[in-house]
Amino acid sequence: MVNEMGERILVVDDDREIVKAIDILLRKEGYEVLKAYDGLEALDILSREQVRLLLIDVMMPKLDGLSAVMRIREKQNIPIIVLSAKSEESDKVLGLSMGADDYVAKPYNPQELAARVKSQIRRYTSLGDIHAENRAGEIRNGRLLYNTEEKILYADGEPVKLTATEIKIIDLFMRNPGRVFPAEEIYRRVWEEDNVVSENTVMVHIRRIREKLELNPKEPEYIKVVWGIGYKMEKQEKNH
Amino acid sequence: MDTKWKNRKRIISFLTFFLGISLSLGSISGIFRAKPSDVRIWQLDRLLENDYQQSERFRGYVVNRLENLLIMATGGEGLPGAWEYGNGVCYDGYYYYSGSGYADYYDGYFDDYEYSYSEIVEDVIEQEDIREGRSTGEASYVPDPGKEQIKRLTDEQKKEIADRYHDSIKGDKNLLYAVLYDGEVLYDNGDLFSADGTPAAPEGYNFLLYFDGEKASIFKDGKEIDVYGDGYYHEDSDWYLPGYTNFQAGDAVKKAAVCIAVAKEPVLYSEGFYDNGGSRQYDNGLYWINVNLLQSREIMLQGFIGLGLGCILLLGAFLGRKRRHEAAEGIARFQGKIWLEFKILLFLGLFYAPIFLGLRFGYDQWREWGWAYEYEYGLDEAFFVGRQLAESIPPLFWIVLFWSLWLFYNDFKYNKKIWRCSLTAKLYRAFSAKNLHLPLSRKMARRNQTVFLGAFLYGILMLGGSAAAGTVLRGEYALIAVLLISVLGTVFFLILQYLYGKENMKVAKDVEALSDRITQIRNGDYGAARDGEKDCGTDGADISGADCGLETAMARLEDIRHGMAMAVDEQMKSERMKVELIANVSHDIKTPLTSIISYVEILKQEEGLPDHIKDYIKILDEKSQRLNNMVQDVFAVSKAASGELPMQMEELDFVKLIKQTMADMEEQIQNSGVSFRTELPKEPVMIMADGQRLYRVFQNLFQNAIKYSLKGSRVYVALGTEGALAVASVKNISLQELDKDKDFAERFARGDQSRTDGGSGLGLSIAQSFTEACGGKFSWETDADLFVVRVTFKILKA
């Protein structure tokens, strides 16, 4: 992984210790961190400085995170990750609809946070390629890109190492995003056998794929289990 | 004093009063009834003498006979009994048919037999016809003065009439007579003159009247009686005989003389008449006068004795009047319980019973009374007939009348409002607004009672009506009356039934509304009564509601509803507050927790730390993660328990869900030291649930099983169907001894009390909350150390 040094990340939270902790965390990853402690301060810094990514808390004095995001989105298109103690699905949806690119609930897993930051920056930098629109044989879904001819899956532009069976499953999912596949169908189409199969075999593979491409395998965003029905590739709304 | 004695005294005093009144009343009416006509009240003393010759009727009889004998002596006109000559002829304007003519003559003969006027006429004519040997049966002729010729009787005819008359009366030896003219005896029926030619009464005859042509002299028991007094005839003079200064005999009878002797004790004279109609009785007027007088006298004596006794009893009753009043009050109490209608019916019945039962007291008098008015006889006549009528009424009737009236008086005196206890009042009360305050049960009971009584009365009326129509009452009017009563009764009964039915329908409607409302409340709808359902709710403005029998029940139900609505509101509010509190608390915990986790992570990345510090950091890491899990679990449980958990219900395969969950947890299961055994159906079992939540349920169940199972034991996971239900069960052998009475789904309850291991203690609690939020049923049971959890869902029909 090549980190271009000096990439600036603005961290906004009214809790100074958290800002400091994130600072330490991100510096280790090689980022330069700017700090702000409320929304207005964040807007002020953004108007003066070049920033590659914004990490912003929701509940803050003076100007709360979501309002700040709305005002930022009027001028700038930088990746924004919202941090919030509100972990409800509805809060997440609200945050994303306000213009955030990602939503991380507190207390976050530091590793995951770092991974998300990295993912957002990568996608932002490779934006030029992406905007060229899908080339022939390429399927894009969120931060995933699948080349049907080469049979290679890219996550945030990086190829993901997958086994032959895993790539067959990904092939199936990427070609049919949003569709739910029962285990039997997956087994029939991937293994090309009609045997009665245990749920476990499919599940094991699914889990391995998740670990390779999900930022937080415990809370997968792309490959999901539809309980009592089957499995599916979640179709991401934001396809930038 | 002894109450028994007191009661006895009351009874005695009242009985005295009762007997006294009854006796007096009966006696008085008996006296009046027995009184022969023409006896004036102030002359009662004469009647009491044991001599019929003292009676006015006797005097009238004798005077009348004397007049007839004088007519015979002078050969004049006007003798009774000459009907055949009168037929179609009006003699000198003297009507032989005139009622008063022979009413006088037959007075004392027919009167006591209560013959009617017409009967007398027919009887007499018949007798005459028989005597003449003519056939009878032709309608008797009534002369019309306008058409008939007026003729004078010839001397021969007069002689004939006199002879006939003599023939008809001579057999009655109770009255001996001799008619003389110019010293020569014309007619006689006995030897009345002594040897010297002076009139003398024979043996057994104690009354002698001698008329010498100018004056009459009367000897009774040998003594002469002062006939003329002061010489003038007054209205109250005993003897209506010629010889008064203002009542001269006249020249025609100057030469005539009549001697009459009357028997002391008259007997009944009859004569064989076998060649024509058998025997016949003579006039016998005196005999009947005597007999009737004796009877009347006896009755009157009895009457006076009775009256005297009655007065004595009344005096006694007067002395004991206090006790009597008490007795009367007691009777009134009893009377108070009887319906007024019944009393009136009884009262009327007492008057009509004699008529209906054939005890006709002078039906003819009634008729005559009617005639008296109809033919304008004048008030005097009507009064006379009316008096006769009153006299003909038996004494018992007066007694009954008196006591009926007394009972009414008594009722009024003590019970005041006697109409209160009546069927009408009962009916009125049953349907009136007055007893609205009564509870429904009593109102219905009252209505039932009323209808039953109505039916009862109706039945009696119909039965009585048909019985009366069939037996006692014959005739058009009676039938019409019975028919009318039947129709009225039927209409009345039907109206009653209709009212009753209407009331009941109303009640039924209200009951329905009430039960609807109960159902509504039971189903958890605590809202106020809907507008569509009027009924007896809390709004008193409703008119129909005012008549409703269930308003109390309804009002109470409303109270309950209100109370429940309040309680539910309160509970909801407190649940919401709890969730809010937990949300706030968890948020407040999360912020510092974020710092902790972040710095633990930084520490973890620190290099060159001694091993024991790394151990500490590891512990910090684990506990902070656990704290994080707990916060999230607490939040989830509280949301689920308050029903605010957002749910995404969808059709899913229960079997697959369990399989997926187990596959998802495969690693954990393999590392757990317990093995899982499954018993799942091959075909899908479709249920409706939120897959994500249900996954959490089984995840928690399996985690619990792994955590608390005896090492090396087996966990049994099964899914079965019970009718329309799918039952998933998880069974495991507990590591710890299970407390039988423990509620394992209680929040923070765990198999052991130490709380040192990883769980939040909310596993089962979350499982239960989520299952119930999905619409399923969650239950568990313990059998020794076997712990069984069951999750039940309704199977969807394919």
# chains A, B, ... in the order shown; residues from 1 in each chain; ligands from 1
$ closest_atom_pairs --of "segment 293-331 of chain B" --to "segment 51-55 of chain B" --cutoff "12 Å" --atoms "only C-alpha atoms" --output "Markdown table"
| residue | atom | partner | partner_atom | distance |
| --- | --- | --- | --- | --- |
| B:Leu293 | CA | B:Tyr52 | CA | 6.4 |
| B:Leu294 | CA | B:Tyr52 | CA | 7.9 |
| B:Gln295 | CA | B:Tyr52 | CA | 11.2 |
| B:Ser296 | CA | B:Tyr52 | CA | 11.1 |
| B:Arg297 | CA | B:Tyr52 | CA | 10.2 |
$ closest_atom_pairs --of "chain A" --to "chain B" --cutoff "8 Å" --atoms "only C-alpha atoms" --output "Markdown table"
| residue | atom | partner | partner_atom | distance |
| --- | --- | --- | --- | --- |
| A:Glu17 | CA | B:Ser595 | CA | 6.6 |
| A:Ile18 | CA | B:Ser595 | CA | 5.4 |
| A:Ala21 | CA | B:Ser598 | CA | 6.1 |
| A:Ile22 | CA | B:Ser598 | CA | 7.6 |
| A:Ile24 | CA | B:Ile602 | CA | 7.6 |
| A:Leu25 | CA | B:Ile602 | CA | 6.9 |
| A:Ala85 | CA | B:His587 | CA | 5.8 |
| A:Lys86 | CA | B:His587 | CA | 7.0 |
| A:Lys106 | CA | B:Thr594 | CA | 6.0 |
| A:Pro107 | CA | B:Thr594 | CA | 4.2 |
| A:Tyr108 | CA | B:Thr594 | CA | 6.5 |
| A:Asn109 | CA | B:Ile597 | CA | 7.5 |
| A:Pro110 | CA | B:Ser598 | CA | 6.1 |
| A:Glu199 | CA | B:Gln660 | CA | 6.2 |
| A:Asn200 | CA | B:Ala663 | CA | 4.6 |
| A:Met203 | CA | B:Ala663 | CA | 6.0 |
| A:Val204 | CA | B:Ala663 | CA | 7.6 |
| A:Val226 | CA | B:Gly691 | CA | 7.0 |
| A:Trp227 | CA | B:Gly691 | CA | 4.8 |
| A:Gly228 | CA | B:Leu657 | CA | 3.7 |
| A:Ile229 | CA | B:Leu652 | CA | 5.8 |
$ closest_residue --among "A:Tyr154, A:Val225, A:Leu96, A:Thr148" --to "Val69 of chain A" --atoms "only C-alpha atoms"
A:Leu96
$ closest_residue --among "B:Ile12, B:Ile225, B:Cys259, B:Val185" --to "Leu66 of chain B" --atoms "only C-alpha atoms"
B:Cys259
$ select_by_dssp --residues "segment 137-171 of chain A" --states "helix (DSSP H, G or I)" --output "VMD selection string"
chain A and resid 164 to 171
$ residues_around --residues "Ala216 of chain B" --least-positions-apart "6" --cutoff "8 Å" --atoms "only C-alpha atoms" --output "list in words"
Leu209, Tyr210, Val227, Leu241, Pro242 and Gly243 of chain B
$ write_last_selection --atoms "N, CA and C atoms" --output "PDB file, in the first residue's frame"
ATOM      1  N   LEU B 209    -171.280  -6.132  63.234  1.00  0.00           N
ATOM      2  CA  LEU B 209    -171.541  -4.789  62.724  1.00  0.00           C
ATOM      3  C   LEU B 209    -172.985  -4.753  62.263  1.00  0.00           C
ATOM      4  N   TYR B 210    -173.671  -3.769  62.728  1.00  0.00           N
ATOM      5  CA  TYR B 210    -175.072  -3.641  62.313  1.00  0.00           C
ATOM      6  C   TYR B 210    -175.289  -2.262  61.762  1.00  0.00           C
ATOM      7  N   VAL B 227    -167.633   4.329  67.106  1.00  0.00           N
ATOM      8  CA  VAL B 227    -167.274   4.356  65.691  1.00  0.00           C
ATOM      9  C   VAL B 227    -167.041   5.779  65.205  1.00  0.00           C
ATOM     10  N   LEU B 241    -167.350   4.606  57.448  1.00  0.00           N
ATOM     11  CA  LEU B 241    -168.736   4.108  57.379  1.00  0.00           C
ATOM     12  C   LEU B 241    -169.684   5.305  57.265  1.00  0.00           C
ATOM     13  N   PRO B 242    -170.779   5.120  56.575  1.00  0.00           N
ATOM     14  CA  PRO B 242    -171.742   6.216  56.549  1.00  0.00           C
ATOM     15  C   PRO B 242    -172.329   6.452  57.940  1.00  0.00           C
ATOM     16  N   GLY B 243    -172.711   7.666  58.231  1.00  0.00           N
ATOM     17  CA  GLY B 243    -173.260   7.974  59.536  1.00  0.00           C
ATOM     18  C   GLY B 243    -172.576   9.160  60.175  1.00  0.00           C
TER      19      GLY B 243
END
$ residues_around --residues "Val491 of chain B" --least-positions-apart "6" --cutoff "12 Å" --atoms "only C-alpha atoms" --output "compact mmCIF listing (two decimals) with C-alpha atoms, in the first residue's frame"
# COMPACT_ATOMS: atom_id res chain seq x y z
CA GLY B 454 -101.76 -9.76 32.72
CA TYR B 458 -106.65 -12.35 30.59
CA LEU B 484 -116.83 -6.81 23.81
CA ILE B 485 -115.04 -7.75 27.01
CA GLN B 497 -97.28 -7.78 25.44
CA TYR B 498 -96.18 -5.23 22.91
$ select_by_dssp --residues "segment 166-344 of chain B" --states "strand (DSSP E)" --output "JSON, numbers by chain"
{"B": [175, 176, 177, 178, 179, 180, 181, 184, 185, 186, 187, 188, 205, 206, 207, 208, 209, 210, 211, 216, 217, 218, 219, 220, 223, 224, 225, 256, 257, 258, 259, 260, 261, 262, 263, 270, 271, 280, 281]}
$ write_last_selection --atoms "N, CA and C atoms" --output "tab-separated table (two decimals), in the first residue's frame"
chain	number	residue	atom	x	y	z
B	175	LEU	N	-167.04	-14.61	57.46
B	175	LEU	CA	-167.85	-13.40	57.57
B	175	LEU	C	-169.29	-13.78	57.25
B	176	LEU	N	-170.11	-13.69	58.29
B	176	LEU	CA	-171.53	-13.99	58.10
B	176	LEU	C	-172.23	-12.67	57.85
B	177	TYR	N	-173.24	-12.71	56.98
B	177	TYR	CA	-173.96	-11.45	56.73
B	177	TYR	C	-175.44	-11.70	56.51
B	178	ALA	N	-176.15	-10.63	56.72
B	178	ALA	CA	-177.58	-10.67	56.40
B	178	ALA	C	-177.96	-9.32	55.81
B	179	VAL	N	-178.57	-9.38	54.65
B	179	VAL	CA	-178.96	-8.14	53.98
B	179	VAL	C	-180.50	-8.03	54.03
B	180	LEU	N	-180.96	-6.93	54.61
B	180	LEU	CA	-182.42	-6.75	54.76
B	180	LEU	C	-182.86	-5.50	54.00
B	181	TYR	N	-184.04	-5.58	53.48
B	181	TYR	CA	-184.62	-4.37	52.91
B	181	TYR	C	-186.07	-4.30	53.35
B	184	GLU	N	-187.23	-7.17	55.42
B	184	GLU	CA	-187.25	-8.48	54.81
B	184	GLU	C	-185.81	-8.92	54.45
B	185	VAL	N	-185.51	-10.11	54.79
B	185	VAL	CA	-184.14	-10.60	54.52
B	185	VAL	C	-184.01	-10.94	53.04
B	186	LEU	N	-183.10	-10.24	52.35
B	186	LEU	CA	-182.87	-10.52	50.92
B	186	LEU	C	-181.81	-11.62	50.75
B	187	TYR	N	-180.68	-11.41	51.39
B	187	TYR	CA	-179.59	-12.39	51.30
B	187	TYR	C	-179.02	-12.63	52.68
B	188	ASP	N	-178.68	-13.85	52.98
B	188	ASP	CA	-177.88	-14.10	54.18
B	188	ASP	C	-177.17	-15.43	54.03
B	205	TYR	N	-168.01	-16.09	66.81
B	205	TYR	CA	-167.93	-14.80	66.09
B	205	TYR	C	-167.94	-13.69	67.10
B	206	ASN	N	-166.88	-12.92	67.18
B	206	ASN	CA	-166.77	-11.93	68.24
B	206	ASN	C	-166.91	-10.50	67.75
B	207	PHE	N	-167.14	-10.38	66.41
B	207	PHE	CA	-167.27	-9.04	65.86
B	207	PHE	C	-168.62	-8.94	65.19
B	208	LEU	N	-169.32	-7.89	65.54
B	208	LEU	CA	-170.65	-7.71	64.96
B	208	LEU	C	-170.81	-6.27	64.51
B	209	LEU	N	-171.28	-6.13	63.23
B	209	LEU	CA	-171.54	-4.79	62.72
B	209	LEU	C	-172.99	-4.75	62.26
B	210	TYR	N	-173.67	-3.77	62.73
B	210	TYR	CA	-175.07	-3.64	62.31
B	210	TYR	C	-175.29	-2.26	61.76
B	211	PHE	N	-175.75	-2.26	60.49
B	211	PHE	CA	-176.07	-0.98	59.88
B	211	PHE	C	-177.58	-0.89	59.72
B	216	ALA	N	-174.04	2.93	61.65
B	216	ALA	CA	-173.55	1.59	61.95
B	216	ALA	C	-173.12	1.54	63.40
B	217	SER	N	-173.40	0.37	64.00
B	217	SER	CA	-172.85	0.17	65.34
B	217	SER	C	-172.04	-1.12	65.32
B	218	ILE	N	-170.91	-1.09	66.07
B	218	ILE	CA	-169.99	-2.23	66.03
B	218	ILE	C	-169.81	-2.76	67.43
B	219	PHE	N	-169.93	-4.08	67.53
B	219	PHE	CA	-169.70	-4.72	68.83
B	219	PHE	C	-168.54	-5.67	68.69
B	220	LYS	N	-167.64	-5.52	69.63
B	220	LYS	CA	-166.51	-6.45	69.60
B	220	LYS	C	-166.41	-7.08	70.97
B	223	LYS	N	-168.74	-5.78	73.47
B	223	LYS	CA	-168.69	-4.36	73.84
B	223	LYS	C	-168.88	-3.52	72.58
B	224	GLU	N	-169.59	-2.43	72.73
B	224	GLU	CA	-169.77	-1.54	71.60
B	224	GLU	C	-168.54	-0.66	71.44
B	225	ILE	N	-168.20	-0.41	70.19
B	225	ILE	CA	-167.03	0.42	69.90
B	225	ILE	C	-167.49	1.78	69.44
B	256	ALA	N	-182.79	-0.03	54.01
B	256	ALA	CA	-181.91	-1.21	54.04
B	256	ALA	C	-181.25	-1.35	55.39
B	257	ALA	N	-180.93	-2.62	55.70
B	257	ALA	CA	-180.17	-2.89	56.94
B	257	ALA	C	-179.23	-4.04	56.65
B	258	VAL	N	-178.02	-3.93	57.19
B	258	VAL	CA	-177.03	-5.01	56.98
B	258	VAL	C	-176.44	-5.40	58.31
B	259	CYS	N	-176.32	-6.68	58.50
B	259	CYS	CA	-175.66	-7.17	59.71
B	259	CYS	C	-174.51	-8.07	59.31
B	260	ILE	N	-173.32	-7.78	59.88
B	260	ILE	CA	-172.12	-8.58	59.55
B	260	ILE	C	-171.52	-9.11	60.83
B	261	ALA	N	-171.20	-10.41	60.83
B	261	ALA	CA	-170.50	-10.98	61.98
B	261	ALA	C	-169.19	-11.60	61.49
B	262	VAL	N	-168.15	-11.39	62.26
B	262	VAL	CA	-166.83	-11.88	61.82
B	262	VAL	C	-166.30	-12.88	62.83
B	263	ALA	N	-165.68	-13.94	62.31
B	263	ALA	CA	-165.16	-14.99	63.18
B	263	ALA	C	-163.93	-14.50	63.93
B	270	SER	N	-163.19	-24.07	51.61
B	270	SER	CA	-163.11	-24.49	50.22
B	270	SER	C	-164.38	-25.27	49.91
B	271	GLU	N	-164.59	-25.56	48.63
B	271	GLU	CA	-165.79	-26.26	48.22
B	271	GLU	C	-165.47	-27.15	47.05
B	280	ARG	N	-162.51	-25.45	44.72
B	280	ARG	CA	-162.09	-24.05	44.67
B	280	ARG	C	-162.19	-23.46	46.05
B	281	GLN	N	-161.31	-22.51	46.25
B	281	GLN	CA	-161.32	-21.83	47.53
B	281	GLN	C	-162.21	-20.63	47.41
$ residues_around --residues "Glu166 of chain A" --least-positions-apart "3" --cutoff "8 Å" --atoms "only C-alpha atoms" --output "list of chain:residue names"
A:Leu162, A:Thr163, A:Ile169, A:Ile170, A:His205, A:Ile206, A:Ile209
$ residues_around --residues "Ser574 of chain B" --least-positions-apart "6" --cutoff "10 Å" --atoms "only C-alpha atoms" --output "list in words"
Val568, Glu580 and Ser642 of chain B
$ atom_distance --atom1 "atom CA of Met554 of chain B" --atom2 "atom CA of Arg517 of chain B"
8.8 Å
$ closest_atom_pairs --of "segment 43-134 of chain A" --to "segment 211-217 of chain A" --cutoff "7 Å" --atoms "only C-alpha atoms" --output "tab-separated table"
residue	atom	partner	partner_atom	distance
A:Glu112	CA	A:Leu215	CA	6.2
A:Ala115	CA	A:Leu215	CA	6.3
A:Arg116	CA	A:Leu215	CA	6.7
$ decode --residues "segment 65-160 of chain A" --atoms "C-alpha atoms" --output "compact mmCIF listing (two decimals), in the first residue's frame"
# COMPACT_ATOMS: atom_id res chain seq x y z
CA GLY A 65 -21.96 17.69 12.28
CA LEU A 66 -24.85 17.06 9.90
CA SER A 67 -25.50 20.80 9.35
CA ALA A 68 -21.81 21.29 8.76
CA VAL A 69 -21.80 18.45 6.21
CA MET A 70 -24.68 20.07 4.36
CA ARG A 71 -22.85 23.39 4.16
CA ILE A 72 -19.60 21.76 3.09
CA ARG A 73 -21.38 19.83 0.36
CA GLU A 74 -22.52 23.15 -1.13
CA LYS A 75 -18.91 23.92 -2.12
CA GLN A 76 -16.75 20.84 -1.83
CA ASN A 77 -16.81 17.28 -2.96
CA ILE A 78 -14.26 15.77 -0.55
CA PRO A 79 -15.01 12.39 1.09
CA ILE A 80 -16.75 12.79 4.42
CA ILE A 81 -17.00 10.14 7.13
CA VAL A 82 -19.52 10.82 9.86
CA LEU A 83 -18.75 9.62 13.37
CA SER A 84 -21.69 9.26 15.74
CA ALA A 85 -22.71 7.72 19.02
CA LYS A 86 -26.08 7.09 17.41
CA SER A 87 -25.88 3.64 15.97
CA GLU A 88 -29.42 3.22 14.72
CA GLU A 89 -30.01 2.33 11.11
CA SER A 90 -32.17 5.44 10.79
CA ASP A 91 -29.34 7.68 12.00
CA LYS A 92 -27.06 6.10 9.46
CA VAL A 93 -29.48 6.64 6.62
CA LEU A 94 -29.97 10.26 7.71
CA GLY A 95 -26.25 10.89 7.78
CA LEU A 96 -25.68 9.40 4.33
CA SER A 97 -28.57 11.32 2.85
CA MET A 98 -27.06 14.56 4.16
CA GLY A 99 -24.11 14.02 1.91
CA ALA A 100 -21.75 11.89 3.97
CA ASP A 101 -19.89 9.13 2.20
CA ASP A 102 -19.62 6.83 5.14
CA TYR A 103 -21.02 6.49 8.61
CA VAL A 104 -19.09 5.04 11.55
CA ALA A 105 -20.76 4.42 14.85
CA LYS A 106 -19.06 5.15 18.12
CA PRO A 107 -17.40 3.40 19.78
CA TYR A 108 -15.60 2.60 16.60
CA ASN A 109 -13.03 -0.06 16.00
CA PRO A 110 -9.83 1.91 15.36
CA GLN A 111 -8.64 -0.57 12.77
CA GLU A 112 -11.91 -0.34 10.91
CA LEU A 113 -11.88 3.43 11.05
CA ALA A 114 -8.42 3.52 9.55
CA ALA A 115 -9.50 1.09 6.85
CA ARG A 116 -12.52 3.22 5.98
CA VAL A 117 -10.46 6.37 5.78
CA LYS A 118 -8.05 4.62 3.48
CA SER A 119 -10.88 3.26 1.35
CA GLN A 120 -12.52 6.65 0.95
CA ILE A 121 -9.27 8.35 -0.04
CA ARG A 122 -8.48 5.66 -2.56
CA ARG A 123 -11.82 5.90 -4.17
CA TYR A 124 -11.51 9.66 -4.24
CA THR A 125 -8.14 9.60 -5.93
CA SER A 126 -9.13 7.00 -8.47
CA LEU A 127 -12.20 9.06 -9.25
CA GLY A 128 -10.84 10.05 -12.57
CA ASP A 129 -10.79 6.48 -13.86
CA ILE A 130 -14.16 5.76 -12.41
CA HIS A 131 -15.77 8.70 -14.08
CA ALA A 132 -14.67 7.35 -17.40
CA GLU A 133 -17.67 5.10 -16.83
CA ASN A 134 -17.74 1.36 -17.02
CA ARG A 135 -15.45 -0.05 -19.54
CA ALA A 136 -16.60 -3.13 -21.35
CA GLY A 137 -16.54 -6.18 -19.05
CA GLU A 138 -16.35 -4.13 -15.88
CA ILE A 139 -19.02 -4.16 -13.17
CA ARG A 140 -18.88 -1.60 -10.41
CA ASN A 141 -20.67 -1.73 -7.09
CA GLY A 142 -19.63 0.78 -4.47
CA ARG A 143 -15.99 0.35 -3.78
CA LEU A 144 -15.92 -2.92 -5.64
CA LEU A 145 -15.02 -3.30 -9.28
CA TYR A 146 -15.21 -6.63 -11.06
CA ASN A 147 -13.63 -7.35 -14.36
CA THR A 148 -15.66 -10.14 -15.93
CA GLU A 149 -13.07 -10.95 -18.53
CA GLU A 150 -10.06 -11.03 -16.32
CA LYS A 151 -12.14 -12.41 -13.47
CA ILE A 152 -10.49 -10.04 -11.04
CA LEU A 153 -12.24 -8.20 -8.20
CA TYR A 154 -10.91 -4.80 -7.17
CA ALA A 155 -11.71 -3.23 -3.82
CA ASP A 156 -10.89 0.47 -3.74
CA GLY A 157 -8.88 -0.13 -6.86
CA GLU A 158 -6.79 -2.87 -5.34
CA PRO A 159 -7.22 -6.41 -6.60
CA VAL A 160 -8.55 -8.82 -4.00
